[in-house]
Amino acid sequence: MLPFLLLLLLLPPLLTRAAVDTVASSLAASYPATQLLHVKDTIKETEIKPSRLPQDLELHENYPPIDNSTQNQWKLELFHRDKLPLNFDPDHRRRFKERIGRDVERVSSLLRRLSNGSDEQVTDFGSDVISGTEQGSGEYFVRIGVGSPPRSQYVVIDSGSDIVWVQCQPCSECYQQSDPVFDPASSASYAGISCDSSVCGRLDNAGCNDGRCRYEVSYGDGSYTRGNLALETLTFGRVLIRNIAIGCGHMNRGMFVGAAGLLGLGGGAMSFVGQLGGQTGGAFSYCLVSRGTESTGTLEFGRSAMPVGGAWVPLIRNPRAPSFYYVGLSGLGVGGIRVPIPEQIFELTDLGYGGVVMDTGTAVTRLPVPAYEAFRDTFIGQTANLPRSREVSIFDTCYDLNGFVSVRVPTVSFYFSGGPILTLPARNFLIPVDGEGTFCFAFAASPSGLSIIGNIQQEGIQISVDGANGFVGFGPSIC
């Protein structure tokens with residue numbers, strides 16, 4: 001992969017002047033107009049093979065646990081959902097179609113949520129009340145331990161969700177997952193939460209049944225999870241985190257096939273990051289694994305996970321959608337030249353509309369129609385030498401690169417508020433949609449004023465969220 005280029009003009013206040021000078025001198029300040037897309041290698045990478053994923057964690061019998069009271073940083077491996085055995089499909093065209101289908105559902109649900117102006121959606125489930133958001137299913141998974149002794153489970157990570165949950169026995173309705181469904185009766189650390197508990201009070205419109213706190217989350221694709229809220233011990237590698245509020249789902253339906261549940265990393269109090277609070281300083285960092293590679297990504301928690309270097313932009317909070325991480329985007333670039341797009345197109349309004357969200361669960365970056373059309377047309381104008389192909393799914397700009405070993409394409413950049421510029425690797429904006437050489441420009445128009453920076457554009461780039469100080473960082477590492 002070609003390294004992406006960053007211009008550092010803004011750093012978190014915790015970095016010293018010496019650190020700023022060191023980083024600034026080490027980062028390139030020039031932005032080439034073109035870069036190579038390695039067509040043949042990228043097509044080859046679509047031919048995935050079944051991966052040997054870890055089926056068990058380093059459990060206590062072999063490795064002494066470390067209590068989180070003495071450990072404020074830990075790291076996990078990240079896996080794309082296609083690598084889970086239950087989701088394995090060698091047909092890239094079919095995998096692509098399914099991924100875009102999930103993506104369309106998620107974006108639609110986010111737009112519905114924001115148009116309603118609430119984090120909560122109440123439906124007719126009797127006495128049960130939904131707490132959470134419409135999210136759709138996720139794309140990236142981590143492996144954690146649940147309970148005491150820990151039971152290994154795959155969970156989806158979601159930067160736009162504020163709850164942690166897993167499927168639980170007895171299961172009146174459960175979808176298929178990779179591991180046995182967690183049984184709270186076999187865990188010495190499981191503790192139900194009463195309705196009058198302060199923890200239950202953190203759930204908006206929490207339900208109550210026989211004195212026990214009830215939760216319910218409904219997702220935009222029709223998926224849902226319902227059950228009891230409880231305190232439980234989670235294991236990350238060798239690190240124990242006690243008394244985390246999790247949803248123990250006894251009725252679950254949806255597109256989470258392979259995963260046992262979800263690890264919410266959103267900005268709310270009930271997300272995993274929110275519950276840890278001062279233990280990690282509200283900080284975490286992730287690097288999403290690139291498609292088609294055998295390597296894994298990483299998810300790391302703690303202030304020491306915050307890199308010295310990279311491009312840092314202010315984190316923007318939206319009271320209408322507190323779960324999500326908004327950033328200031330001022331423009332877009334193609335071929336080293338800024339596209340003439342009014343900056344206000346990307347602004348978050350005083351009423352909480354529009355803006356730019358960083359989202360791990362959305363695959364394809366969405367842009368408001370005027371911005372997308374100007375951006376796309378500029379890219380088309382600079383790729384007139386490449387043979388075009390028909391439209392595919394949500395992509396209206398595609399190329400027939402069958403027979404090419406590599407092609408030179410214009411660079412694509414995000415111009416962030418305050419000055420930082422992120423220039424993407426070519427594989428993050430021209431992606432194969434089949435195994436026959438059809439590549440598409442991996443952006444799409446948003447039917448609203450909301451922009452979403454999706455996980456395809458984030459792949460291979462270290463993303464750091466410093467919630468306590470209000471910054472999001474890009475780089476300097478690649479993965």
# chains A, B, ... in the order shown; residues from 1 in each chain; ligands from 1
call {"tool": "residues_around", "arguments": {"residues": "Val142 (chain A)", "least_positions_apart": "6", "cutoff": "6 Å", "atoms": "only C-alpha atoms", "output": "PyMOL selection string"}}
result
chain A and resi 78+154-155
call {"tool": "residues_around", "arguments": {"residues": "region 36-47 of chain A", "least_positions_apart": "3", "cutoff": "8 Å", "atoms": "only C-alpha atoms", "output": "list in words"}}
result
Pro90, Asp91, His92, Arg291, Gly292, Thr293, Leu401, Gly403, Phe404, Val405, Ser406, Val407, Arg408, Val409, Ala426, Arg427, Pro432, Gly435, Glu436 and Gly437 of chain A
call {"tool": "residues_around", "arguments": {"residues": "region 185-198 of chain A", "least_positions_apart": "6", "cutoff": "10 Å", "atoms": "only C-alpha atoms", "output": "PyMOL selection string"}}
result
chain A and resi 146-151+168-170+206-214+228-234+242-246+248
call {"tool": "write_last_selection", "arguments": {"atoms": "N, CA, C and O atoms", "output": "tab-separated table (two decimals), in the first residue's frame"}}
result
chain	number	residue	atom	x	y	z
A	146	VAL	N	-16.27	-12.97	28.04
A	146	VAL	CA	-17.44	-12.50	28.78
A	146	VAL	C	-17.64	-13.41	29.99
A	146	VAL	O	-17.72	-14.64	29.85
A	147	GLY	N	-17.74	-12.82	31.17
A	147	GLY	CA	-18.03	-13.59	32.37
A	147	GLY	C	-16.81	-14.11	33.10
A	147	GLY	O	-15.66	-13.83	32.72
A	148	SER	N	-17.08	-14.89	34.17
A	148	SER	CA	-16.02	-15.50	34.98
A	148	SER	C	-16.37	-16.97	35.25
A	148	SER	O	-17.36	-17.23	35.96
A	149	PRO	N	-15.61	-17.92	34.69
A	149	PRO	CA	-14.45	-17.71	33.81
A	149	PRO	C	-14.87	-17.14	32.47
A	149	PRO	O	-16.03	-17.28	32.07
A	150	PRO	N	-13.95	-16.49	31.75
A	150	PRO	CA	-14.33	-15.81	30.50
A	150	PRO	C	-14.68	-16.79	29.39
A	150	PRO	O	-13.99	-17.78	29.19
A	151	ARG	N	-15.78	-16.50	28.70
A	151	ARG	CA	-16.18	-17.26	27.52
A	151	ARG	C	-15.87	-16.43	26.28
A	151	ARG	O	-16.34	-15.31	26.14
A	168	CYS	N	-27.70	-14.24	25.11
A	168	CYS	CA	-27.63	-14.97	26.37
A	168	CYS	C	-28.62	-16.13	26.41
A	168	CYS	O	-29.71	-16.06	25.84
A	169	GLN	N	-28.22	-17.17	27.13
A	169	GLN	CA	-29.13	-18.25	27.50
A	169	GLN	C	-29.94	-17.83	28.73
A	169	GLN	O	-29.44	-17.08	29.56
A	170	PRO	N	-31.18	-18.29	28.89
A	170	PRO	CA	-31.93	-19.05	27.90
A	170	PRO	C	-32.36	-18.15	26.75
A	170	PRO	O	-32.78	-17.02	26.96
A	206	ALA	N	-35.79	3.42	30.18
A	206	ALA	CA	-35.50	2.02	30.53
A	206	ALA	C	-36.79	1.29	30.91
A	206	ALA	O	-37.70	1.86	31.50
A	207	GLY	N	-36.84	-0.01	30.56
A	207	GLY	CA	-37.98	-0.83	30.93
A	207	GLY	C	-37.74	-1.56	32.23
A	207	GLY	O	-36.62	-1.60	32.75
A	208	CYS	N	-38.79	-2.15	32.78
A	208	CYS	CA	-38.67	-2.87	34.05
A	208	CYS	C	-39.56	-4.10	34.00
A	208	CYS	O	-40.70	-4.04	33.55
A	209	ASN	N	-39.03	-5.22	34.47
A	209	ASN	CA	-39.79	-6.47	34.50
A	209	ASN	C	-39.37	-7.28	35.73
A	209	ASN	O	-38.21	-7.65	35.87
A	210	ASP	N	-40.32	-7.51	36.63
A	210	ASP	CA	-40.04	-8.24	37.87
A	210	ASP	C	-38.89	-7.63	38.64
A	210	ASP	O	-38.04	-8.33	39.21
A	211	GLY	N	-38.83	-6.31	38.65
A	211	GLY	CA	-37.80	-5.61	39.41
A	211	GLY	C	-36.46	-5.52	38.72
A	211	GLY	O	-35.53	-4.91	39.25
A	212	ARG	N	-36.32	-6.13	37.54
A	212	ARG	CA	-35.06	-6.12	36.83
A	212	ARG	C	-35.09	-5.13	35.67
A	212	ARG	O	-36.09	-5.00	34.97
A	213	CYS	N	-33.95	-4.44	35.48
A	213	CYS	CA	-33.84	-3.44	34.41
A	213	CYS	C	-33.83	-4.14	33.05
A	213	CYS	O	-33.09	-5.10	32.85
A	214	ARG	N	-34.66	-3.65	32.15
A	214	ARG	CA	-34.76	-4.22	30.82
A	214	ARG	C	-34.22	-3.23	29.78
A	214	ARG	O	-34.34	-2.02	29.94
A	228	ASN	N	-32.14	-8.36	29.59
A	228	ASN	CA	-31.88	-7.73	30.88
A	228	ASN	C	-30.55	-7.00	30.87
A	228	ASN	O	-29.59	-7.44	30.23
A	229	LEU	N	-30.51	-5.89	31.60
A	229	LEU	CA	-29.25	-5.19	31.80
A	229	LEU	C	-28.57	-5.77	33.03
A	229	LEU	O	-29.22	-6.05	34.04
A	230	ALA	N	-27.26	-6.02	32.95
A	230	ALA	CA	-26.52	-6.64	34.05
A	230	ALA	C	-25.12	-6.08	34.13
A	230	ALA	O	-24.62	-5.46	33.18
A	231	LEU	N	-24.47	-6.30	35.28
A	231	LEU	CA	-23.06	-5.99	35.44
A	231	LEU	C	-22.27	-7.27	35.23
A	231	LEU	O	-22.62	-8.33	35.76
A	232	GLU	N	-21.20	-7.19	34.45
A	232	GLU	CA	-20.43	-8.38	34.14
A	232	GLU	C	-18.95	-8.01	33.95
A	232	GLU	O	-18.61	-6.84	33.73
A	233	THR	N	-18.10	-9.02	34.05
A	233	THR	CA	-16.66	-8.85	33.82
A	233	THR	C	-16.34	-9.19	32.37
A	233	THR	O	-16.76	-10.23	31.86
A	234	LEU	N	-15.62	-8.30	31.70
A	234	LEU	CA	-15.16	-8.53	30.34
A	234	LEU	C	-13.64	-8.69	30.35
A	234	LEU	O	-12.94	-8.04	31.14
A	242	ARG	N	-13.99	-5.10	35.26
A	242	ARG	CA	-15.11	-5.55	36.07
A	242	ARG	C	-16.27	-4.55	36.03
A	242	ARG	O	-16.09	-3.37	35.77
A	243	ASN	N	-17.45	-5.08	36.32
A	243	ASN	CA	-18.66	-4.25	36.51
A	243	ASN	C	-18.98	-3.37	35.31
A	243	ASN	O	-19.31	-2.19	35.45
A	244	ILE	N	-18.90	-3.97	34.13
A	244	ILE	CA	-19.36	-3.27	32.92
A	244	ILE	C	-20.83	-3.61	32.71
A	244	ILE	O	-21.24	-4.77	32.75
A	245	ALA	N	-21.64	-2.58	32.50
A	245	ALA	CA	-23.06	-2.79	32.23
A	245	ALA	C	-23.23	-3.32	30.81
A	245	ALA	O	-22.81	-2.65	29.85
A	246	ILE	N	-23.79	-4.51	30.69
A	246	ILE	CA	-24.02	-5.10	29.37
A	246	ILE	C	-25.47	-5.53	29.24
A	246	ILE	O	-26.14	-5.81	30.24
A	248	CYS	N	-27.90	-8.40	28.27
A	248	CYS	CA	-27.92	-9.86	28.13
A	248	CYS	C	-29.16	-10.19	27.32
A	248	CYS	O	-30.28	-10.22	27.83
call {"tool": "select_by_dssp", "arguments": {"residues": "region 221-275 of chain A", "states": "alpha helix (DSSP H)", "output": "list in words"}}
result
Phe272, Val273, Gly274 and Gln275 of chain A
call {"tool": "write_last_selection", "arguments": {"atoms": "N, CA, C and O atoms", "output": "short mmCIF file (atom, residue, chain, number, x, y, z; two decimals), in the first residue's frame"}}
result
data_model
loop_
_atom_site.label_atom_id
_atom_site.label_comp_id
_atom_site.auth_asym_id
_atom_site.auth_seq_id
_atom_site.Cartn_x
_atom_site.Cartn_y
_atom_site.Cartn_z
N PHE A 272 -19.02 1.42 25.90
CA PHE A 272 -17.89 0.84 26.61
C PHE A 272 -16.90 1.93 26.99
O PHE A 272 -16.40 1.99 28.12
N VAL A 273 -16.62 2.85 26.07
CA VAL A 273 -15.69 3.96 26.33
C VAL A 273 -16.24 4.86 27.43
O VAL A 273 -15.52 5.28 28.34
N GLY A 274 -17.55 5.14 27.37
CA GLY A 274 -18.16 6.00 28.37
C GLY A 274 -18.13 5.40 29.76
O GLY A 274 -17.93 6.11 30.76
N GLN A 275 -18.34 4.08 29.87
CA GLN A 275 -18.33 3.43 31.17
C GLN A 275 -16.93 3.39 31.78
O GLN A 275 -16.79 3.46 33.01
#
call {"tool": "residues_around", "arguments": {"residues": "Pro370 (chain A)", "least_positions_apart": "6", "cutoff": "9 Å", "atoms": "only C-alpha atoms", "output": "count of residues only"}}
result
3
call {"tool": "closest_residue", "arguments": {"among": "A:Gly101, A:Gly460, A:Gly419, A:Pro342", "to": "Tyr286 (chain A)", "atoms": "only C-alpha atoms"}}
result
A:Gly460
call {"tool": "atom_distance", "arguments": {"atom1": "CA of Ser223 (chain A)", "atom2": "CA of Gly354 (chain A)"}}
result
26.0 Å
call {"tool": "residues_around", "arguments": {"residues": "Ser330 (chain A)", "least_positions_apart": "3", "cutoff": "8 Å", "atoms": "only C-alpha atoms", "output": "PyMOL selection string"}}
result
chain A and resi 343-344+346+415-417
call {"tool": "write_last_selection", "arguments": {"atoms": "C-alpha atoms", "output": "PDB file, in the first residue's frame"}}
result
ATOM      1  CA  GLU A 343     -17.406  25.025   2.945  1.00  0.00           C
ATOM      2  CA  GLN A 344     -20.857  25.501   4.483  1.00  0.00           C
ATOM      3  CA  PHE A 346     -20.187  20.340   5.357  1.00  0.00           C
ATOM      4  CA  TYR A 415      -9.341  19.041   3.720  1.00  0.00           C
ATOM      5  CA  PHE A 416     -10.197  19.316   7.415  1.00  0.00           C
ATOM      6  CA  SER A 417     -11.110  22.486   9.290  1.00  0.00           C
TER       7      SER A 417
END
call {"tool": "select_by_dssp", "arguments": {"residues": "region 301-422 of chain A", "states": "strand (DSSP E or B)", "output": "number ranges by chain"}}
result
A: 301, 311-316, 325-327, 329-334, 337-338, 348, 354, 356-358, 365-368, 388-389, 392, 395, 398-400, 407-410, 412-416, 421-422
call {"tool": "write_last_selection", "arguments": {"atoms": "N, CA and C atoms", "output": "compact mmCIF listing (two decimals), in the first residue's frame"}}
result
# COMPACT_ATOMS: atom_id res chain seq x y z
N PHE A 301 -7.13 0.82 23.69
CA PHE A 301 -7.75 1.76 24.63
C PHE A 301 -6.68 2.37 25.53
N ALA A 311 -2.35 13.97 11.98
CA ALA A 311 -3.14 15.18 11.79
C ALA A 311 -4.31 15.16 12.76
N TRP A 312 -4.44 16.17 13.58
CA TRP A 312 -5.49 16.22 14.60
C TRP A 312 -6.50 17.30 14.26
N VAL A 313 -7.76 16.93 14.34
CA VAL A 313 -8.84 17.88 14.04
C VAL A 313 -9.81 17.90 15.21
N PRO A 314 -10.46 19.02 15.45
CA PRO A 314 -11.39 19.11 16.59
C PRO A 314 -12.56 18.14 16.45
N LEU A 315 -12.92 17.53 17.57
CA LEU A 315 -14.11 16.69 17.66
C LEU A 315 -15.30 17.59 17.92
N ILE A 316 -16.36 17.42 17.13
CA ILE A 316 -17.55 18.26 17.26
C ILE A 316 -18.68 17.42 17.86
N TYR A 325 -19.28 10.67 16.43
CA TYR A 325 -18.10 11.53 16.43
C TYR A 325 -18.09 12.35 15.15
N TYR A 326 -18.36 13.65 15.29
CA TYR A 326 -18.36 14.58 14.16
C TYR A 326 -17.00 15.28 14.06
N VAL A 327 -16.59 15.54 12.83
CA VAL A 327 -15.36 16.30 12.59
C VAL A 327 -15.67 17.42 11.60
N LEU A 329 -15.03 19.22 8.30
CA LEU A 329 -14.49 19.05 6.96
C LEU A 329 -14.74 20.33 6.18
N SER A 330 -13.69 20.89 5.60
CA SER A 330 -13.86 22.15 4.87
C SER A 330 -13.85 21.97 3.36
N GLY A 331 -13.33 20.83 2.87
CA GLY A 331 -13.30 20.66 1.43
C GLY A 331 -12.71 19.32 1.01
N LEU A 332 -12.64 19.14 -0.31
CA LEU A 332 -12.13 17.91 -0.91
C LEU A 332 -11.15 18.27 -2.01
N GLY A 333 -10.17 17.39 -2.22
CA GLY A 333 -9.18 17.65 -3.25
C GLY A 333 -9.04 16.49 -4.21
N VAL A 334 -8.75 16.78 -5.47
CA VAL A 334 -8.47 15.77 -6.49
C VAL A 334 -7.22 16.22 -7.25
N ILE A 337 -5.37 19.42 -6.13
CA ILE A 337 -6.06 20.71 -6.26
C ILE A 337 -7.40 20.64 -5.53
N ARG A 338 -7.70 21.67 -4.77
CA ARG A 338 -8.95 21.72 -4.02
C ARG A 338 -10.13 21.93 -4.97
N LEU A 348 -22.12 21.57 10.44
CA LEU A 348 -23.19 21.13 11.33
C LEU A 348 -23.97 22.36 11.75
N GLY A 354 -26.94 18.13 9.21
CA GLY A 354 -25.74 18.17 8.40
C GLY A 354 -24.53 17.71 9.18
N VAL A 356 -20.37 16.23 9.48
CA VAL A 356 -19.59 15.11 8.96
C VAL A 356 -19.30 14.13 10.10
N VAL A 357 -19.75 12.89 9.94
CA VAL A 357 -19.61 11.86 10.96
C VAL A 357 -18.52 10.87 10.54
N MET A 358 -17.67 10.49 11.49
CA MET A 358 -16.75 9.36 11.31
C MET A 358 -17.47 8.12 11.79
N THR A 365 -18.17 6.27 1.93
CA THR A 365 -18.33 7.67 2.31
C THR A 365 -19.47 8.31 1.52
N ARG A 366 -20.34 9.01 2.24
CA ARG A 366 -21.47 9.73 1.63
C ARG A 366 -21.22 11.23 1.72
N LEU A 367 -21.58 11.95 0.66
CA LEU A 367 -21.42 13.39 0.60
C LEU A 367 -22.72 14.01 0.09
N PRO A 368 -23.08 15.22 0.57
CA PRO A 368 -24.26 15.90 0.03
C PRO A 368 -24.15 16.01 -1.49
N ARG A 388 -13.94 3.50 -19.25
CA ARG A 388 -15.07 3.51 -18.33
C ARG A 388 -15.84 2.20 -18.42
N SER A 389 -16.60 1.94 -17.34
CA SER A 389 -17.47 0.78 -17.28
C SER A 389 -18.85 1.25 -16.85
N VAL A 392 -22.39 0.41 -11.18
CA VAL A 392 -22.56 -0.80 -10.38
C VAL A 392 -23.14 -0.40 -9.03
N PHE A 395 -22.68 2.92 -7.09
CA PHE A 395 -21.57 3.64 -7.69
C PHE A 395 -21.88 4.02 -9.14
N CYS A 398 -17.41 4.12 -12.67
CA CYS A 398 -16.66 2.87 -12.64
C CYS A 398 -15.76 2.77 -13.87
N TYR A 399 -14.74 1.92 -13.75
CA TYR A 399 -13.73 1.79 -14.80
C TYR A 399 -13.47 0.31 -15.09
N ASP A 400 -13.19 0.03 -16.36
CA ASP A 400 -12.83 -1.33 -16.78
C ASP A 400 -11.30 -1.41 -16.85
N VAL A 407 -2.27 1.36 -12.80
CA VAL A 407 -2.64 2.58 -13.52
C VAL A 407 -2.32 3.77 -12.62
N ARG A 408 -2.05 4.90 -13.24
CA ARG A 408 -1.81 6.12 -12.47
C ARG A 408 -3.12 6.90 -12.37
N VAL A 409 -3.46 7.27 -11.14
CA VAL A 409 -4.74 7.95 -10.89
C VAL A 409 -4.47 9.21 -10.08
N PRO A 410 -5.39 10.18 -10.15
CA PRO A 410 -5.21 11.40 -9.35
C PRO A 410 -5.35 11.09 -7.86
N VAL A 412 -6.64 11.75 -4.02
CA VAL A 412 -7.90 12.20 -3.44
C VAL A 412 -7.63 12.60 -1.99
N SER A 413 -8.09 13.77 -1.59
CA SER A 413 -7.76 14.29 -0.26
C SER A 413 -8.98 14.86 0.44
N PHE A 414 -8.97 14.74 1.78
CA PHE A 414 -9.92 15.42 2.65
C PHE A 414 -9.22 16.65 3.23
N TYR A 415 -9.85 17.81 3.12
CA TYR A 415 -9.34 19.04 3.72
C TYR A 415 -10.14 19.30 5.00
N PHE A 416 -9.49 19.16 6.15
CA PHE A 416 -10.20 19.32 7.41
C PHE A 416 -10.11 20.75 7.92
N ILE A 421 -4.68 18.04 6.13
CA ILE A 421 -5.11 17.41 4.89
C ILE A 421 -4.77 15.93 4.95
N LEU A 422 -5.73 15.08 4.64
CA LEU A 422 -5.52 13.64 4.60
C LEU A 422 -5.64 13.17 3.16
call {"tool": "atom_distance", "arguments": {"atom1": "CA of Asn469 (chain A)", "atom2": "CA of Phe141 (chain A)"}}
result
26.9 Å
call {"tool": "atom_distance", "arguments": {"atom1": "CA of Gly309 (chain A)", "atom2": "CA of Phe471 (chain A)"}}
result
12.8 Å
call {"tool": "closest_residue", "arguments": {"among": "A:Ile478, A:Asn385, A:Met306, A:Arg317", "to": "Val465 (chain A)", "atoms": "only C-alpha atoms"}}
result
A:Met306
call {"tool": "residues_around", "arguments": {"residues": "Ser172 (chain A)", "least_positions_apart": "5", "cutoff": "9 Å", "atoms": "only C-alpha atoms", "output": "PyMOL selection string"}}
result
chain A and resi 250-252
call {"tool": "write_last_selection", "arguments": {"atoms": "all heavy atoms", "output": "PDB file, in the first residue's frame"}}
result
ATOM      1  N   HIS A 250     -31.957 -12.027  25.360  1.00  0.00           N
ATOM      2  CA  HIS A 250     -32.639 -13.319  25.288  1.00  0.00           C
ATOM      3  C   HIS A 250     -33.514 -13.434  24.032  1.00  0.00           C
ATOM      4  O   HIS A 250     -33.949 -14.530  23.685  1.00  0.00           O
ATOM      5  CB  HIS A 250     -33.502 -13.534  26.536  1.00  0.00           C
ATOM      6  CG  HIS A 250     -32.702 -13.527  27.803  1.00  0.00           C
ATOM      7  ND1 HIS A 250     -31.853 -14.543  28.150  1.00  0.00           N
ATOM      8  CD2 HIS A 250     -32.613 -12.609  28.799  1.00  0.00           C
ATOM      9  CE1 HIS A 250     -31.284 -14.273  29.305  1.00  0.00           C
ATOM     10  NE2 HIS A 250     -31.726 -13.092  29.725  1.00  0.00           N
ATOM     11  N   MET A 251     -33.768 -12.306  23.376  1.00  0.00           N
ATOM     12  CA  MET A 251     -34.487 -12.290  22.101  1.00  0.00           C
ATOM     13  C   MET A 251     -33.700 -11.406  21.136  1.00  0.00           C
ATOM     14  O   MET A 251     -33.564 -10.199  21.368  1.00  0.00           O
ATOM     15  CB  MET A 251     -35.911 -11.762  22.268  1.00  0.00           C
ATOM     16  CG  MET A 251     -36.807 -12.637  23.125  1.00  0.00           C
ATOM     17  SD  MET A 251     -38.523 -12.034  23.147  1.00  0.00           S
ATOM     18  CE  MET A 251     -38.994 -12.327  21.438  1.00  0.00           C
ATOM     19  N   ASN A 252     -33.161 -12.014  20.095  1.00  0.00           N
ATOM     20  CA  ASN A 252     -32.275 -11.293  19.179  1.00  0.00           C
ATOM     21  C   ASN A 252     -32.540 -11.739  17.754  1.00  0.00           C
ATOM     22  O   ASN A 252     -32.731 -12.925  17.486  1.00  0.00           O
ATOM     23  CB  ASN A 252     -30.811 -11.585  19.523  1.00  0.00           C
ATOM     24  CG  ASN A 252     -30.531 -11.518  21.013  1.00  0.00           C
ATOM     25  OD1 ASN A 252     -30.412 -10.455  21.589  1.00  0.00           O
ATOM     26  ND2 ASN A 252     -30.454 -12.688  21.654  1.00  0.00           N
TER      27      ASN A 252
END
call {"tool": "closest_residue", "arguments": {"among": "A:Leu203, A:Ala283, A:Leu262, A:Leu76", "to": "Val472 (chain A)", "atoms": "only C-alpha atoms"}}
result
A:Ala283
